[in-house]
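Coordinates from run.txt are shown below (compact mmCIF, C-alpha atoms).
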# COMPACT_ATOMS: atom_id res chain seq x y z
CA MET A 1 155.47 31.51 9.92
CA SER A 2 158.23 30.98 7.44
CA VAL A 3 155.64 29.97 4.84
CA LEU A 4 154.05 33.38 4.53
CA ASN A 5 156.88 35.70 5.43
CA ALA A 6 159.45 34.14 3.15
CA PRO A 7 162.04 36.70 2.08
CA ARG A 8 161.83 38.06 -1.46
CA ARG A 9 164.82 35.98 -2.58
CA ALA A 10 163.12 32.76 -1.59
CA LEU A 11 160.07 33.69 -3.67
CA GLY A 12 162.25 33.64 -6.75
CA GLY A 13 163.81 30.29 -5.87
CA LEU A 14 163.07 27.21 -7.92
CA ARG A 15 162.00 24.84 -5.16
CA TYR A 16 158.26 24.72 -4.61
CA ARG A 17 157.17 25.80 -1.15
CA THR A 18 154.19 23.92 0.25
CA VAL A 19 152.00 26.94 -0.37
CA ASP A 20 153.08 26.94 -4.05
CA LEU A 21 152.13 23.29 -4.48
CA VAL A 22 148.82 23.55 -2.69
CA THR A 23 147.92 26.74 -4.53
CA VAL A 24 148.70 25.19 -7.92
CA ALA A 25 146.51 22.23 -7.02
CA MET A 26 143.63 24.27 -5.57
CA LEU A 27 143.70 26.75 -8.45
CA GLY A 28 143.66 23.79 -10.81
CA VAL A 29 140.60 22.27 -9.13
CA ALA A 30 138.71 25.58 -9.01
CA VAL A 31 139.57 26.43 -12.62
CA GLY A 32 138.62 22.87 -13.65
CA VAL A 33 135.13 23.45 -12.30
CA VAL A 34 135.02 26.77 -14.17
CA PHE A 35 136.15 24.91 -17.34
CA TRP A 36 133.30 22.48 -16.93
CA GLY A 37 130.84 25.36 -16.62
CA TRP A 38 132.46 27.01 -19.63
CA THR A 39 131.95 23.80 -21.63
CA GLN A 40 128.22 23.81 -20.91
CA LEU A 41 127.99 27.46 -21.98
CA TYR A 42 130.19 26.72 -25.01
CA HIS A 43 127.79 24.05 -26.29
CA LEU A 44 124.97 26.60 -26.29
CA VAL A 45 126.88 29.53 -27.75
CA SER A 46 129.01 27.64 -30.24
CA ALA A 47 126.18 25.69 -31.88
CA GLY A 48 125.50 28.47 -34.41
CA LEU A 49 129.21 29.02 -35.11
CA ALA A 50 129.85 25.29 -35.48
CA VAL A 51 127.18 24.99 -38.16
CA ALA A 52 128.05 28.17 -40.09
CA PHE A 53 131.85 28.32 -39.94
CA PRO A 54 133.53 25.74 -37.63
CA PRO A 55 136.96 27.47 -37.38
CA ALA A 56 135.22 30.38 -35.63
CA THR A 57 134.50 28.14 -32.62
CA GLY A 58 138.18 28.74 -31.78
CA LEU A 59 137.12 32.23 -30.70
CA LEU A 60 135.52 30.66 -27.61
CA GLY A 61 138.49 28.38 -26.87
CA GLY A 62 140.40 30.90 -24.76
CA GLY A 63 138.36 30.10 -21.67
CA TRP A 64 140.15 26.73 -21.41
CA LEU A 65 143.57 28.37 -21.40
CA LEU A 66 143.01 30.34 -18.22
CA GLY A 67 144.53 27.69 -15.93
CA GLY A 68 148.02 27.87 -17.38
CA VAL A 69 148.14 31.65 -17.46
CA LEU A 70 146.73 32.01 -13.92
CA GLY A 71 149.02 29.38 -12.40
CA GLY A 72 152.10 30.76 -14.15
CA LEU A 73 151.40 34.38 -13.21
CA VAL A 74 150.59 33.63 -9.57
CA VAL A 75 153.16 31.00 -8.58
CA ARG A 76 155.94 32.13 -10.97
CA LYS A 77 157.94 28.90 -10.87
CA PRO A 78 158.94 26.48 -13.62
CA GLY A 79 156.13 24.03 -14.24
CA ALA A 80 153.41 25.99 -12.44
CA ALA A 81 151.58 26.83 -15.69
CA VAL A 82 151.60 23.24 -16.98
CA LEU A 83 150.64 21.74 -13.63
CA THR A 84 147.71 24.10 -13.07
CA GLU A 85 146.37 23.54 -16.57
CA VAL A 86 146.77 19.74 -16.31
CA VAL A 87 145.02 19.56 -12.93
CA ALA A 88 142.22 21.75 -14.28
CA ALA A 89 141.85 19.65 -17.43
CA SER A 90 141.87 16.42 -15.39
CA VAL A 91 139.15 17.71 -13.07
CA GLU A 92 137.13 18.68 -16.12
CA ALA A 93 137.65 15.23 -17.68
CA LEU A 94 136.53 13.52 -14.45
CA LEU A 95 133.46 15.75 -14.20
CA GLY A 96 132.73 14.69 -17.76
CA THR A 97 133.25 16.27 -21.16
CA GLY A 98 132.42 15.10 -24.65
CA TRP A 99 136.12 14.66 -25.45
CA GLY A 100 136.92 12.05 -22.82
CA PHE A 101 140.53 11.94 -21.61
CA SER A 102 141.68 13.81 -24.69
CA ALA A 103 140.88 16.87 -22.55
CA VAL A 104 143.84 15.96 -20.32
CA VAL A 105 146.21 15.80 -23.30
CA SER A 106 144.80 19.14 -24.47
CA GLY A 107 145.61 20.49 -21.02
CA VAL A 108 149.22 19.26 -21.21
CA VAL A 109 149.74 20.78 -24.66
CA GLN A 110 148.06 24.10 -23.84
CA GLY A 111 149.91 24.35 -20.53
CA LEU A 112 153.21 23.72 -22.31
CA GLY A 113 152.39 26.57 -24.72
CA ALA A 114 151.98 29.04 -21.86
CA GLU A 115 154.98 27.57 -20.02
CA LEU A 116 157.22 28.06 -23.09
CA VAL A 117 156.66 31.83 -23.07
CA LEU A 118 157.39 32.12 -19.34
CA ALA A 119 160.49 29.92 -19.71
CA LEU A 120 161.83 31.98 -22.64
CA LEU A 121 161.63 35.03 -20.35
CA LEU A 122 163.51 33.01 -17.68
CA TYR A 123 160.56 33.36 -15.26
CA ARG A 124 161.39 37.00 -14.68
CA ARG A 125 158.56 38.89 -16.40
CA PHE A 126 154.90 38.45 -15.48
CA GLY A 127 153.13 41.58 -16.75
CA THR A 128 150.08 41.96 -18.96
CA VAL A 129 152.11 41.65 -22.19
CA VAL A 130 153.61 38.37 -20.99
CA ALA A 131 150.14 37.11 -20.05
CA VAL A 132 148.87 37.92 -23.55
CA LEU A 133 151.86 36.16 -25.13
CA ALA A 134 151.35 33.11 -22.90
CA GLY A 135 147.64 32.98 -23.76
CA THR A 136 148.44 33.26 -27.48
CA ALA A 137 151.04 30.48 -27.33
CA ALA A 138 148.67 28.26 -25.34
CA GLY A 139 145.95 28.79 -27.96
CA ALA A 140 148.30 28.08 -30.85
CA ALA A 141 149.59 24.90 -29.20
CA GLY A 142 146.04 23.76 -28.45
CA ALA A 143 144.98 24.37 -32.06
CA VAL A 144 147.89 22.32 -33.45
CA TYR A 145 146.97 19.40 -31.17
CA GLU A 146 143.34 19.60 -32.35
CA TRP A 147 144.44 19.58 -36.00
CA PHE A 148 145.81 16.08 -35.40
CA ALA A 149 143.27 14.73 -32.92
CA TYR A 150 139.99 16.18 -34.21
CA TYR A 151 140.34 18.01 -37.54
CA PRO A 152 142.88 16.27 -39.79
CA ASP A 153 140.40 16.43 -42.69
CA TRP A 154 140.14 20.23 -42.88
CA ALA A 155 141.82 22.05 -45.76
CA TRP A 156 144.92 23.94 -44.63
CA GLY A 157 143.37 27.39 -44.98
CA PHE A 158 140.65 26.47 -42.49
CA ARG A 159 143.16 24.92 -40.10
CA LEU A 160 145.16 28.16 -40.11
CA ALA A 161 141.96 30.17 -39.60
CA TYR A 162 141.19 27.96 -36.57
CA LEU A 163 144.69 28.52 -35.21
CA GLY A 164 144.29 32.28 -35.61
CA CYS A 165 140.89 32.28 -33.87
CA PHE A 166 142.13 30.08 -31.00
CA ALA A 167 145.30 32.19 -30.50
CA LEU A 168 143.33 35.44 -30.58
CA SER A 169 140.85 34.04 -28.07
CA GLY A 170 143.78 32.94 -25.89
CA ALA A 171 145.31 36.40 -26.04
CA VAL A 172 142.06 38.13 -25.03
CA LEU A 173 140.22 35.71 -22.71
CA ALA A 174 143.18 33.97 -21.07
CA GLY A 175 145.86 36.69 -21.50
CA LEU A 176 144.08 39.98 -20.79
CA GLY A 177 141.43 38.23 -18.70
CA GLY A 178 144.02 36.28 -16.70
CA ALA A 179 146.16 39.36 -16.03
CA ALA A 180 143.11 41.34 -14.88
CA LEU A 181 142.02 38.44 -12.67
CA VAL A 182 145.47 38.21 -11.04
CA ARG A 183 145.41 41.98 -10.33
CA ALA A 184 141.93 41.72 -8.81
CA LEU A 185 142.95 38.70 -6.70
CA ALA A 186 146.08 40.51 -5.48
CA ARG A 187 143.94 43.44 -4.30
CA THR A 188 141.91 41.11 -2.06
CA GLY A 189 145.08 40.05 -0.23
CA VAL A 190 144.91 36.32 -1.00
CA LEU A 191 148.11 36.47 -3.10
CA ASP A 192 150.21 37.99 -0.29
CA ALA A 193 152.45 34.90 -0.21
CA PHE A 194 153.18 35.26 -3.94
CA GLY A 195 154.87 37.59 -6.39
CA PRO A 196 151.76 39.57 -7.47
CA GLY A 197 150.74 40.23 -3.86
CA ARG A 198 154.26 41.30 -2.82
CA GLU A 199 154.51 43.67 -5.78
CA LEU A 200 151.20 45.29 -4.91
CA ALA A 201 152.27 45.71 -1.27
CA ASP A 202 155.57 47.26 -2.40
CA ARG A 203 153.79 49.72 -4.65
CA GLU A 204 151.30 50.79 -2.01
CA GLN A 205 153.77 50.98 0.85
CA PRO A 206 157.32 51.62 -0.39
CA ALA A 207 160.01 50.10 1.79
CA PRO A 208 161.29 52.67 4.32
CA ALA A 209 164.60 54.21 3.32
CA ALA A 210 167.62 52.72 5.03
CA ARG A 211 168.82 54.72 8.02
CA ALA A 212 171.78 56.93 7.28
CA MET B 1 132.29 -10.67 -15.60
CA THR B 2 129.73 -7.84 -15.66
CA GLY B 3 130.76 -4.69 -13.86
CA VAL B 4 134.45 -5.59 -13.64
CA LEU B 5 135.39 -2.00 -14.42
CA GLY B 6 133.76 -0.93 -11.16
CA ARG B 7 136.44 -2.88 -9.28
CA ALA B 8 139.36 -1.96 -11.53
CA ASN B 9 142.40 0.07 -10.51
CA PRO B 10 141.95 3.79 -11.28
CA LEU B 11 145.31 3.78 -13.11
CA VAL B 12 143.94 1.11 -15.46
CA LEU B 13 140.77 3.16 -16.01
CA VAL B 14 142.87 6.18 -16.97
CA ALA B 15 144.91 3.97 -19.31
CA LEU B 16 141.67 2.78 -20.96
CA GLY B 17 140.59 6.39 -21.51
CA LEU B 18 143.93 7.36 -23.04
CA GLY B 19 143.97 4.13 -25.08
CA GLY B 20 140.91 5.33 -26.98
CA LEU B 21 142.81 8.48 -27.91
CA VAL B 22 145.83 6.52 -29.17
CA GLY B 23 143.62 4.08 -31.06
CA SER B 24 141.59 6.82 -32.73
CA LEU B 25 144.68 8.05 -34.59
CA ALA B 26 144.59 4.81 -36.64
CA VAL B 27 140.95 5.20 -37.75
CA ARG B 28 141.35 6.16 -41.40
CA ASP B 29 138.51 4.25 -43.10
CA VAL B 30 134.86 3.44 -42.41
CA THR B 31 135.34 -0.29 -41.77
CA THR B 32 138.04 0.27 -39.15
CA GLY B 33 135.91 2.92 -37.46
CA VAL B 34 132.72 0.85 -37.38
CA VAL B 35 134.42 -2.34 -36.14
CA THR B 36 136.46 -0.52 -33.48
CA LEU B 37 133.49 1.45 -32.21
CA GLY B 38 131.38 -1.72 -32.20
CA ALA B 39 134.05 -3.54 -30.19
CA TYR B 40 134.20 -0.66 -27.68
CA LEU B 41 130.42 -0.60 -27.33
CA ALA B 42 130.32 -4.38 -26.79
CA ALA B 43 133.14 -4.22 -24.22
CA GLY B 44 131.41 -1.34 -22.44
CA THR B 45 128.08 -3.18 -22.29
CA LEU B 46 129.79 -6.25 -20.83
CA LEU B 47 132.25 -4.63 -18.42
CA LEU B 48 130.66 -1.42 -17.16
CA PRO B 49 128.69 -1.72 -13.92
CA ARG B 50 124.98 -0.90 -14.21
CA GLY B 51 123.97 2.66 -13.44
CA ALA B 52 127.48 4.05 -13.07
CA GLY B 53 127.33 7.74 -13.86
CA PRO B 54 124.65 9.65 -15.78
CA ALA B 55 123.61 8.12 -19.10
CA ALA B 56 123.31 11.64 -20.54
CA ARG B 57 127.10 11.83 -20.74
CA TYR B 58 127.06 9.63 -23.84
CA LEU B 59 125.01 12.32 -25.54
CA THR B 60 128.04 14.64 -25.42
CA VAL B 61 130.02 12.05 -27.40
CA VAL B 62 127.29 11.97 -30.05
CA VAL B 63 127.19 15.77 -30.20
CA GLY B 64 131.00 15.98 -30.45
CA GLY B 65 131.11 13.32 -33.17
CA LEU B 66 128.35 15.00 -35.18
CA SER B 67 129.96 18.44 -34.96
CA VAL B 68 133.35 17.11 -36.09
CA ALA B 69 131.70 15.09 -38.89
CA TRP B 70 129.81 18.17 -40.08
CA SER B 71 132.95 20.33 -40.03
CA ALA B 72 134.92 17.65 -41.92
CA TRP B 73 132.18 17.56 -44.59
CA LEU B 74 132.04 21.35 -44.84
CA LEU B 75 135.78 22.06 -44.81
CA GLY B 76 137.20 18.80 -46.15
CA GLY B 77 135.78 18.82 -49.69
CA HIS B 78 132.10 17.82 -49.18
CA ASP B 79 132.97 14.12 -49.03
CA LEU B 80 130.51 11.95 -47.08
CA ALA B 81 133.00 9.14 -46.45
CA VAL B 82 135.52 11.60 -44.99
CA ALA B 83 132.83 13.04 -42.72
CA LEU B 84 131.72 9.59 -41.56
CA VAL B 85 135.29 8.54 -40.74
CA ALA B 86 135.87 11.81 -38.87
CA GLY B 87 132.76 11.28 -36.73
CA LEU B 88 133.68 7.64 -36.00
CA ARG B 89 137.24 8.65 -35.12
CA VAL B 90 136.09 11.18 -32.54
CA ALA B 91 133.65 8.65 -31.05
CA VAL B 92 136.51 6.12 -30.71
CA LEU B 93 138.67 8.85 -29.15
CA ALA B 94 136.14 10.03 -26.60
CA LEU B 95 133.94 7.06 -25.71
CA PRO B 96 136.30 5.08 -23.40
CA GLY B 97 137.22 8.17 -21.37
CA VAL B 98 133.64 9.38 -21.07
CA ALA B 99 132.50 5.89 -20.05
CA VAL B 100 135.06 5.33 -17.27
CA ALA B 101 135.31 8.91 -15.90
CA PRO B 102 132.60 8.47 -13.21
CA LEU B 103 134.29 5.25 -11.99
CA VAL B 104 137.61 6.93 -11.14
CA ASP B 105 137.96 7.65 -7.42
CA PRO B 106 140.35 10.62 -7.11
CA SER B 107 141.76 9.54 -3.72
CA ALA B 108 142.50 6.01 -4.94
CA LEU B 109 144.05 7.47 -8.08
CA ALA B 110 146.31 9.70 -5.98
CA ASP B 111 147.39 6.66 -3.92
CA GLN B 112 148.29 4.82 -7.12
CA LEU B 113 150.11 7.81 -8.63
CA GLY B 114 152.19 8.29 -5.51
CA GLN B 115 152.92 4.69 -4.52
CA ARG B 116 152.86 2.78 -7.80
CA LEU B 117 154.02 5.32 -10.37
CA ARG B 118 156.22 7.02 -7.74
CA LEU B 119 155.34 10.53 -8.87
CA PRO B 120 156.75 13.22 -6.53
CA ALA B 121 154.90 12.58 -3.27
CA ARG B 122 154.61 16.22 -2.26
CA PHE B 123 152.81 17.10 -5.46
CA VAL B 124 150.52 14.06 -5.40
CA VAL B 125 149.49 14.73 -1.81
CA GLY B 126 148.94 18.43 -2.60
CA VAL B 127 146.59 17.59 -5.47
CA ALA B 128 144.79 14.92 -3.43
CA ALA B 129 144.29 17.43 -0.62
CA ALA B 130 142.92 19.95 -3.13
CA LEU B 131 140.52 17.37 -4.55
CA HIS B 132 139.18 16.73 -1.05
CA ARG B 133 138.14 20.37 -0.97
CA PHE B 134 136.23 19.86 -4.21
CA GLU B 135 132.93 19.23 -2.46
CA SER B 136 133.30 22.31 -0.29
CA LEU B 137 133.61 24.37 -3.49
CA GLY B 138 129.90 23.86 -4.08
CA GLN B 139 129.09 25.00 -0.54
CA VAL B 140 131.27 28.10 -0.91
CA TRP B 141 129.49 28.85 -4.17
CA GLU B 142 126.11 28.62 -2.45
CA GLN B 143 127.22 30.83 0.44
CA ALA B 144 128.60 33.54 -1.86
CA ASP B 145 125.48 33.36 -4.01
CA ARG B 146 123.16 33.72 -1.01
CA ALA B 147 125.27 36.46 0.57
CA ARG B 148 125.11 38.57 -2.57
CA ARG B 149 121.36 38.08 -2.90
CA SER B 150 120.63 38.91 0.72
CA ARG B 151 122.63 42.13 0.43
CA GLY B 152 120.59 43.22 -2.55
CA PHE B 153 123.21 42.36 -5.20
CA GLY B 154 121.22 39.46 -6.64
CA PRO B 155 120.79 39.15 -10.40
CA GLY B 156 117.87 40.63 -12.29
CA PRO B 157 115.95 38.66 -14.89
CA GLY B 158 118.17 39.29 -17.96
CA PRO B 159 120.83 36.79 -19.13
CA LEU B 160 123.47 39.56 -19.01
CA GLU B 161 122.76 40.26 -15.35
CA ARG B 162 122.79 36.55 -14.58
CA GLY B 163 126.15 36.29 -16.30
CA ARG B 164 127.54 39.16 -14.26
CA HIS B 165 126.22 37.59 -11.06
CA ALA B 166 127.80 34.24 -11.96
CA ALA B 167 131.12 35.98 -12.69
CA SER B 168 131.19 37.79 -9.34
CA VAL B 169 130.28 34.62 -7.44
CA THR B 170 133.02 32.74 -9.35
CA PHE B 171 135.50 35.40 -8.30
CA ALA B 172 134.43 35.06 -4.67
CA VAL B 173 134.91 31.29 -4.91
CA LEU B 174 138.40 31.79 -6.34
CA VAL B 175 139.29 34.14 -3.48
CA ALA B 176 137.99 31.65 -0.93
CA THR B 177 139.91 28.83 -2.65
CA LEU B 178 143.21 30.72 -2.57
CA ARG B 179 142.70 31.74 1.05
CA ASP B 180 141.98 28.09 1.85
CA ALA B 181 145.15 27.04 0.00
CA THR B 182 147.34 29.34 2.08
CA SER B 183 145.90 28.23 5.42
CA MET B 184 146.03 24.57 4.38
CA ALA B 185 149.70 24.97 3.41
CA VAL B 186 150.47 26.42 6.85
CA ALA B 187 148.62 23.54 8.50
CA MET B 188 150.50 20.97 6.40
CA ASP B 189 153.88 22.54 7.13
CA ALA B 190 153.05 22.67 10.83
CA ARG B 191 152.83 18.85 10.59
CA GLY B 192 156.22 18.65 8.91
CA PHE B 193 155.00 18.19 5.32
CA ALA B 194 157.77 20.13 3.58
CA GLY B 195 160.77 18.64 5.36
CA ALA B 196 159.70 15.00 5.69
CA HIS B 197 162.36 12.45 4.77
CA ALA B 198 160.45 9.18 5.03
CA ARG B 199 156.82 9.49 3.98
CA THR B 200 154.09 7.00 4.85
CA TRP B 201 150.72 6.54 3.17
CA ALA B 202 147.43 5.99 4.93
CA GLU B 203 146.00 3.65 2.30
CA PRO B 204 147.63 0.84 0.31
CA ALA B 205 147.75 0.96 -3.51
CA PRO B 206 147.03 -2.64 -4.51
CA TRP B 207 147.46 -4.15 -7.97
CA THR B 208 145.25 -7.21 -8.53
CA ARG B 209 145.15 -9.87 -11.22
CA LEU B 210 141.90 -8.32 -12.43
CA ASP B 211 143.77 -5.04 -13.06
CA GLY B 212 146.30 -6.87 -15.22
CA GLY B 213 143.50 -8.52 -17.19
CA VAL B 214 141.60 -5.28 -17.80
CA LEU B 215 144.82 -3.54 -18.79
CA ALA B 216 145.53 -6.33 -21.30
CA LEU B 217 142.02 -5.86 -22.73
CA GLY B 218 142.71 -2.13 -22.98
CA VAL B 219 145.90 -2.80 -24.93
CA VAL B 220 143.94 -5.04 -27.31
CA GLY B 221 141.38 -2.26 -27.77
CA THR B 222 144.11 0.26 -28.49
CA VAL B 223 145.93 -1.95 -31.00
CA LEU B 224 142.71 -3.13 -32.69
CA PRO B 225 142.25 -0.16 -35.06
CA TYR B 226 145.93 -0.34 -36.09
CA ALA B 227 145.57 -4.05 -36.91
CA LEU B 228 142.33 -3.42 -38.81
CA ALA B 229 143.90 -0.56 -40.78
CA VAL B 230 146.60 -2.97 -42.00
CA LEU B 231 144.11 -5.77 -42.82
CA VAL B 232 141.46 -3.66 -44.57

Represent the structure from my file as structure tokens, please.
Amino acid sequence: MSVLNAPRRALGGLRYRTVDLVTVAMLGVAVGVVFWGWTQLYHLVSAGLAVAFPPATGLLGGGWLLGGVLGGLVVRKPGAAVLTEVVAASVEALLGTGWGFSAVVSGVVQGLGAELVLALLLYRRFGTVVAVLAGTAAGAAGAVYEWFAYYPDWAWGFRLAYLGCFALSGAVLAGLGGAALVRALARTGVLDAFGPGRELADREQPAPAARA
Amino acid sequence: MTGVLGRANPLVLVALGLGGLVGSLAVRDVTTGVVTLGAYLAAGTLLLPRGAGPAARYLTVVVGGLSVAWSAWLLGGHDLAVALVAGLRVAVLALPGVAVAPLVDPSALADQLGQRLRLPARFVVGVAAALHRFESLGQVWEQADRARRSRGFGPGPGPLERGRHAASVTFAVLVATLRDATSMAVAMDARGFAGAHARTWAEPAPWTRLDGGVLALGVVGTVLPYALAVLV
């Protein structure tokens, strides 16, 4: 059972174990379905915002950033955030969105935003603050892509307002939400093969002191 | 000729979808937008197989285009031409992808990604395996939903309670998914997935002459708005 009982050192290694790969992919698929549901909800909720003040629709954008934050926080390896977000965005695009395959490019850009934060911290910190930073960066990156692809005609003030709304939404929905979700998942035991699960186990049952 | 896209390589379909995105960046005036969108609509009518995917999906393109057009009018100086171009641009961006999405078979796409594009095989197979579990996601959702209801945790009538119910069922589905991922990884490693040196594939990843033709058409469609922008 070397897959599950890998020593702590191996967890921090760079090579993807099979369980890392499969988890990234499965998380991506599950989150992609959630994205699709979020899009349906978004159309209903955002209609009023889109008519009154379009930049405010960014406030609902954070839901699409969850994949990167979740994947990065759970698997904790270089590329996990981007891969999870890209798989999720691809699943959403195949299920059908109004943006076509531009959703996949959005996923790449947003995932890279979250990945950048984790990379700058050398994949060593995965707490709530890091999750919030990753969500913020993902939102900012996503907003910049949308400036070019969807909203090049907006005056600069409105573009910046959109960026602020998207980043704030990323910080709250994807950052705080993602960190809370990872904690809740760890408590169920399904993350035992990963960093969050090991940390929880260590906290609840400290390693016995070495014999004198 | 009709319905060729139904037989096309999934890689080519993805390229068509992304081609719309690349082409849309060149839509800067009404003429370019109208001609490009017209060409896409004509190509779609000719090449898409009948009854592939729900027709309602095109409505989302219209909604997206209208919302972007409205925002461009509101925030871009109340200029009708600007708004019209913005709406056309988003339609050009989204339409090809929305049209071909239901035609893409994920398993065939994975075969092409692994064997033709030579993406890392371990990752491709992992994603393909995850996509196979996609259908069971719906079943897991139904089970969790029914289990909660039968234990008296079903939602009340209000939208807030429904939302809370949906959230807790989503969480249960995530837990089931992650548990599934761990056991699937153990099963795959038990069959030597991690340490394999020479990997074989169950299905071939063919490239036909038709694929080359459709890809060439896609390139024409992508370059078209750039050519028009120069001519107009």

Problem - Separation of CA of Ala39 in chain B from CA of Val105 in chain A, in Å and rounded to one decimal - result: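 Separation of CA of Ala39 in chain B and CA of Val105 in chain A: 23.9 Å.
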
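Every residue of chain B that lies within 6 Å of chain A is listed here, counting only C-alpha atoms: Gly17, Leu18, Thr60, Val61, Ser71, Ala72, Leu75, Gly76, Ala94, Gly97, Val98, Ala101, Gly126, Val127, Ala130, Arg179, Ala181, Thr182 and Ala185 of chain B.
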
Exercise for the section: Quote the spacing between CA of Ala15 in chain B and CA of Gln110 in chain A in Å to one decimal place. Expected result: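 These two atoms are separated by 20.9 Å.
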
Practice task
Do a neighbour search on Lys77 in chain A at 7 Å with all atoms listed in the file, toss out local chain neighbours closer than 4 positions, and write the hits as a list in words.
Solution key: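 Using all atoms listed in the file, the neighbours found are Leu14, Gly72 and Tyr123 of chain A.
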
Exercise for the section: Just the residues within 6 Å of range 209-220 of chain B, please, counting only C-alpha atoms, with nothing from its chain fewer than 4 positions along; format it as an NGL selection string. Expected result: :B and (8-9 or 12 or 16 or 224)

Problem - Near-Gly3 in chain B list (12 Å; all atoms listed in the file; drop same-chain fewer than 2 positions) as a ChimeraX atom specification - result: /B:1,5-8,43-52,100,103,210,214

Practice task
Report the distance between CA of Ser169 in chain A and CA of Leu65 in chain A in Å, rounded to one decimal place.
Solution key: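 Taking CA of Ser169 in chain A as the start and CA of Leu65 in chain A as the end point, the length is 9.2 Å.
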
Handout entry: All residues 6 Å or closer to Gly139 in chain A, all atoms listed in the file, same chain fewer than 3 positions away omitted, as an MDAnalysis selection string
Key = chainID A and resid 136 142 166:167 170

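The point (143.5, 5.7, -9.3) has these residues within 6 Å of it when only C-alpha atoms are used: Asn9, Pro10, Leu11, Ala108, Leu109, Ala110 and Gln112 of chain B.
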